[in-house]
$ cat final-v5.pdb   # PDB, C-alpha atoms
MODEL        1
ATOM      1  CA  MET A  37       0.000   0.000   0.000
ATOM      2  CA  LEU A  38       1.335   3.425  -0.930
ATOM      3  CA  ASP A  39       1.692   6.092   1.747
ATOM      4  CA  ASP A  40      -0.920   8.224  -0.081
ATOM      5  CA  GLU A  41      -3.411   5.360   0.239
ATOM      6  CA  LEU A  42      -2.958   5.350   4.019
ATOM      7  CA  THR A  43      -4.287   8.898   4.258
ATOM      8  CA  GLU A  44      -7.271   8.474   1.958
ATOM      9  CA  PRO A  45     -10.644   8.988   3.683
ATOM     10  CA  GLU A  46     -11.732   5.479   2.676
ATOM     11  CA  ALA A  47      -8.992   4.072   4.942
ATOM     12  CA  PHE A  48     -10.963   5.540   7.869
ATOM     13  CA  GLY A  49     -14.369   4.192   6.820
ATOM     14  CA  LEU A  50     -15.550   7.427   5.206
ATOM     15  CA  VAL A  51     -17.559   7.393   2.004
ATOM     16  CA  ALA A  52     -17.942   9.939  -0.774
ATOM     17  CA  VAL A  53     -20.947  12.204  -0.305
ATOM     18  CA  PRO A  54     -22.436  13.758  -3.476
ATOM     19  CA  ILE A  55     -22.233  17.312  -2.150
ATOM     20  CA  PRO A  56     -21.287  19.869  -4.808
ATOM     21  CA  VAL A  57     -18.059  21.669  -3.929
ATOM     22  CA  PRO A  58     -17.811  25.250  -5.164
ATOM     23  CA  PRO A  59     -14.421  26.517  -6.340
ATOM     24  CA  MET A  60     -12.134  27.583  -3.488
ATOM     25  CA  LEU A  61     -14.577  26.371  -0.813
ATOM     26  CA  GLU A  62     -11.738  25.953   1.667
ATOM     27  CA  GLU A  63     -10.639  29.574   1.245
ATOM     28  CA  ALA A  64     -14.203  30.851   1.630
ATOM     29  CA  LEU A  65     -14.496  28.853   4.863
ATOM     30  CA  GLY A  66     -11.282  30.324   6.267
ATOM     31  CA  TYR A  67      -8.631  27.673   5.586
ATOM     32  CA  PRO A  68      -5.142  29.229   5.418
ATOM     33  CA  GLY A  69      -3.037  26.164   4.531
ATOM     34  CA  GLU A  70      -2.050  23.941   1.641
ATOM     35  CA  GLU A  71      -2.842  20.363   2.813
ATOM     36  CA  ARG A  72      -4.729  17.989   0.540
ATOM     37  CA  TYR A  73      -7.289  16.729   3.073
ATOM     38  CA  LEU A  74      -9.356  19.031   5.309
ATOM     39  CA  SER A  75     -11.976  18.260   7.920
ATOM     40  CA  PHE A  76     -14.794  20.751   8.490
ATOM     41  CA  HIS A  77     -16.723  20.372  11.750
ATOM     42  CA  GLU A  78     -18.414  22.107  14.684
ATOM     43  CA  TRP A  79     -16.571  20.448  17.515
ATOM     44  CA  ARG A  80     -14.093  21.279  20.256
ATOM     45  CA  PRO A  81     -14.747  19.894  23.727
ATOM     46  CA  ASP A  82     -14.611  23.293  25.410
ATOM     47  CA  GLN A  83     -15.675  25.753  22.709
ATOM     48  CA  LEU A  84     -18.637  26.332  20.479
ATOM     49  CA  GLY A  85     -17.905  27.271  16.895
ATOM     50  CA  TYR A  86     -16.841  25.919  13.540
ATOM     51  CA  TYR A  87     -13.371  24.457  12.889
ATOM     52  CA  ILE A  88     -11.103  23.296  10.102
ATOM     53  CA  ASP A  89      -8.462  20.606  10.682
ATOM     54  CA  ASP A  90      -5.665  19.379   8.469
ATOM     55  CA  ALA A  91      -2.567  17.305   9.165
ATOM     56  CA  GLN A  92      -0.805  20.396  10.547
ATOM     57  CA  GLY A  93      -3.328  22.033  12.863
ATOM     58  CA  THR A  94      -6.773  23.398  13.659
ATOM     59  CA  TRP A  95      -8.253  26.764  12.763
ATOM     60  CA  GLN A  96     -11.488  28.464  13.652
ATOM     61  CA  GLY A  97     -13.397  28.745  10.411
ATOM     62  CA  ALA A  98     -15.572  31.470   8.956
ATOM     63  CA  VAL A  99     -18.962  30.753  10.550
ATOM     64  CA  PRO A 100     -20.997  32.788   7.999
ATOM     65  CA  GLY A 101     -19.445  30.845   5.108
ATOM     66  CA  TRP A 102     -20.083  27.483   6.809
ATOM     67  CA  SER A 103     -23.710  28.445   7.526
ATOM     68  CA  LEU A 104     -24.278  29.542   3.922
ATOM     69  CA  PHE A 105     -22.705  26.330   2.615
ATOM     70  CA  LEU A 106     -24.921  24.138   4.834
ATOM     71  CA  ARG A 107     -28.044  26.122   3.869
ATOM     72  CA  HIS A 108     -27.375  25.812   0.133
ATOM     73  CA  PRO A 109     -30.406  23.953  -1.277
ATOM     74  CA  ALA A 110     -28.325  21.136  -2.820
ATOM     75  CA  VAL A 111     -26.183  20.631   0.303
ATOM     76  CA  ASP A 112     -29.218  20.824   2.607
ATOM     77  CA  CYS A 113     -31.177  18.320   0.495
ATOM     78  CA  ILE A 114     -28.289  15.824   0.287
ATOM     79  CA  CYS A 115     -27.535  16.061   4.010
ATOM     80  CA  GLU A 116     -31.224  15.560   4.806
ATOM     81  CA  ARG A 117     -31.509  12.508   2.537
ATOM     82  CA  LEU A 118     -28.356  10.972   4.000
ATOM     83  CA  ARG A 119     -29.407  11.936   7.542
ATOM     84  CA  LEU A 120     -26.060  13.693   7.886
ATOM     85  CA  ASP A 121     -26.476  16.224  10.693
ATOM     86  CA  LEU A 122     -23.410  18.448  10.703
ATOM     87  CA  SER A 123     -24.516  20.546  13.651
ATOM     88  CA  ARG A 124     -22.935  20.209  17.051
ATOM     89  CA  CYS A 125     -24.514  17.391  19.062
ATOM     90  CA  ALA A 126     -22.185  17.303  22.085
ATOM     91  CA  PRO A 127     -22.343  19.918  24.842
ATOM     92  CA  ALA A 128     -19.399  22.227  25.476
ATOM     93  CA  ILE A 129     -17.604  21.139  28.643
ATOM     94  CA  PRO A 130     -14.450  22.449  30.338
ATOM     95  CA  ARG A 131     -11.296  21.064  28.710
ATOM     96  CA  GLN A 132     -10.026  19.564  31.981
ATOM     97  CA  ARG A 133     -13.299  17.690  32.442
ATOM     98  CA  TYR A 134     -13.017  16.348  28.884
ATOM     99  CA  LEU A 135      -9.397  15.276  29.413
ATOM    100  CA  ALA A 136     -10.339  13.572  32.708
ATOM    101  CA  LYS A 137     -12.708  11.238  30.836
ATOM    102  CA  ALA A 138     -11.514   7.724  30.049
ATOM    103  CA  ARG A 139     -10.269   7.371  26.464
ATOM    104  CA  GLU A 140     -13.336   5.396  25.347
ATOM    105  CA  ASN A 141     -15.592   8.089  26.794
ATOM    106  CA  ARG A 142     -13.653  10.795  24.925
ATOM    107  CA  VAL A 143     -14.051   8.817  21.696
ATOM    108  CA  SER A 144     -17.778   8.464  22.389
ATOM    109  CA  PHE A 145     -18.022  12.199  23.114
ATOM    110  CA  TRP A 146     -16.210  12.989  19.852
ATOM    111  CA  GLY A 147     -18.503  10.595  18.006
ATOM    112  CA  GLN A 148     -21.512  12.767  18.808
ATOM    113  CA  SER A 149     -20.391  15.249  16.155
ATOM    114  CA  ARG A 150     -20.028  14.784  12.427
ATOM    115  CA  SER A 151     -17.604  16.293   9.969
ATOM    116  CA  LEU A 152     -16.984  16.533   6.258
ATOM    117  CA  VAL A 153     -13.596  15.715   4.773
ATOM    118  CA  LEU A 154     -12.610  17.504   1.583
ATOM    119  CA  ASP A 155     -10.026  16.111  -0.829
ATOM    120  CA  ARG A 156      -8.745  19.308  -2.411
ATOM    121  CA  ASN A 157      -7.203  17.409  -5.356
ATOM    122  CA  THR A 158     -10.458  15.809  -6.489
ATOM    123  CA  THR A 159     -12.963  18.181  -4.783
ATOM    124  CA  VAL A 160     -14.750  15.128  -3.390
ATOM    125  CA  VAL A 161     -16.364  15.410   0.035
ATOM    126  CA  CYS A 162     -16.514  12.382   2.349
ATOM    127  CA  GLY A 163     -18.416  11.689   5.541
ATOM    128  CA  ALA A 164     -19.288   8.877   7.900
ATOM    129  CA  PRO A 165     -22.013   6.515   6.657
TER     130      PRO A 165
ENDMDL
END
$ encode --input "final-v5.pdb" --output "structure tokens"
Amino acid sequence: MLDDELTEPEAFGLVAVPIPVPPMLEEALGYPGEERYLSFHEWRPDQLGYYIDDAQGTWQGAVPGWSLFLRHPAVDCICERLRLDLSRCAPAIPRQRYLAKARENRVSFWGQSRSLVLDRNTTVVCGAP
């Protein structure tokens, strides 16, 4: 297996979602980097908001852009049909309380939120089935 194949979303159980990706979506949502794969989500244990992750770090994203993207009729319709709720489902809790949880409880807590993963080379979006 090639190293590139190890980082593909499919290696993590994600599947392609037929969401249309407008040109430069990542820039409109506030991404400052150059990585191929990006995760867009509304989750931090201790903070409300919208975030972008790549292999190098995490940034707070442009909330108005994320809201407009999710409200786009095509995106909204596809998410509804797939029952893909991208809104925050877990409550915000103090970071120390989150870190004090057992690992399996942290994973469960994280699992209450969903994210989209964008492959910037192919402009394909993936999500959890």
$ residues_around --input "final-v5.pdb" --residues "stretch 158-160 of chain A" --least-positions-apart "4" --cutoff "9 Å" --atoms "all atoms listed in the file" --output "list in words"
Ala52, Val53, Pro54, Ile55, Pro56, Val57, Pro58, Pro59, Val153 and Leu154 of chain A
$ closest_residue --input "final-v5.pdb" --among "A:Ile114, A:Ala138, A:Leu74, A:Ala91" --to "A:Asn157" --atoms "only C-alpha atoms"
A:Leu74
$ atom_distance --input "final-v5.pdb" --atom1 "atom CA of A:Leu65" --atom2 "atom CA of A:Val51"
21.9 Å
$ closest_residue --input "final-v5.pdb" --among "A:Val99, A:Leu50, A:Ile129, A:Gly93" --to "A:Glu70" --atoms "all atoms listed in the file"
A:Gly93
$ residues_around --input "final-v5.pdb" --residues "A:Gln132" --least-positions-apart "6" --cutoff "12 Å" --atoms "only C-alpha atoms" --output "PyMOL selection string"
chain A and resi 81-82+142
$ residues_around --input "final-v5.pdb" --residues "A:His77" --least-positions-apart "4" --cutoff "10 Å" --atoms "all atoms listed in the file" --output "list in words"
Gly85, Tyr86, Tyr87, Ile88, Asp89, Gln96, Gly97, Trp102, Leu122, Ser123, Arg124, Ser149, Arg150, Ser151, Leu152 and Val153 of chain A
$ atom_distance --input "final-v5.pdb" --atom1 "atom CA of A:Ala128" --atom2 "atom CA of A:Arg80"
7.5 Å
$ atom_distance --input "final-v5.pdb" --atom1 "atom CA of A:Val161" --atom2 "atom CA of A:Leu118"
13.4 Å
$ axis_aligned_box --input "final-v5.pdb" --around "stretch 63-79 of chain A" --padding-each-side "8 Å" --output "lines of an AutoDock Vina configuration file"
center_x = -10.2
center_y = 23.8
center_z = 9.0
size_x = 32.4
size_y = 30.1
size_z = 33.0
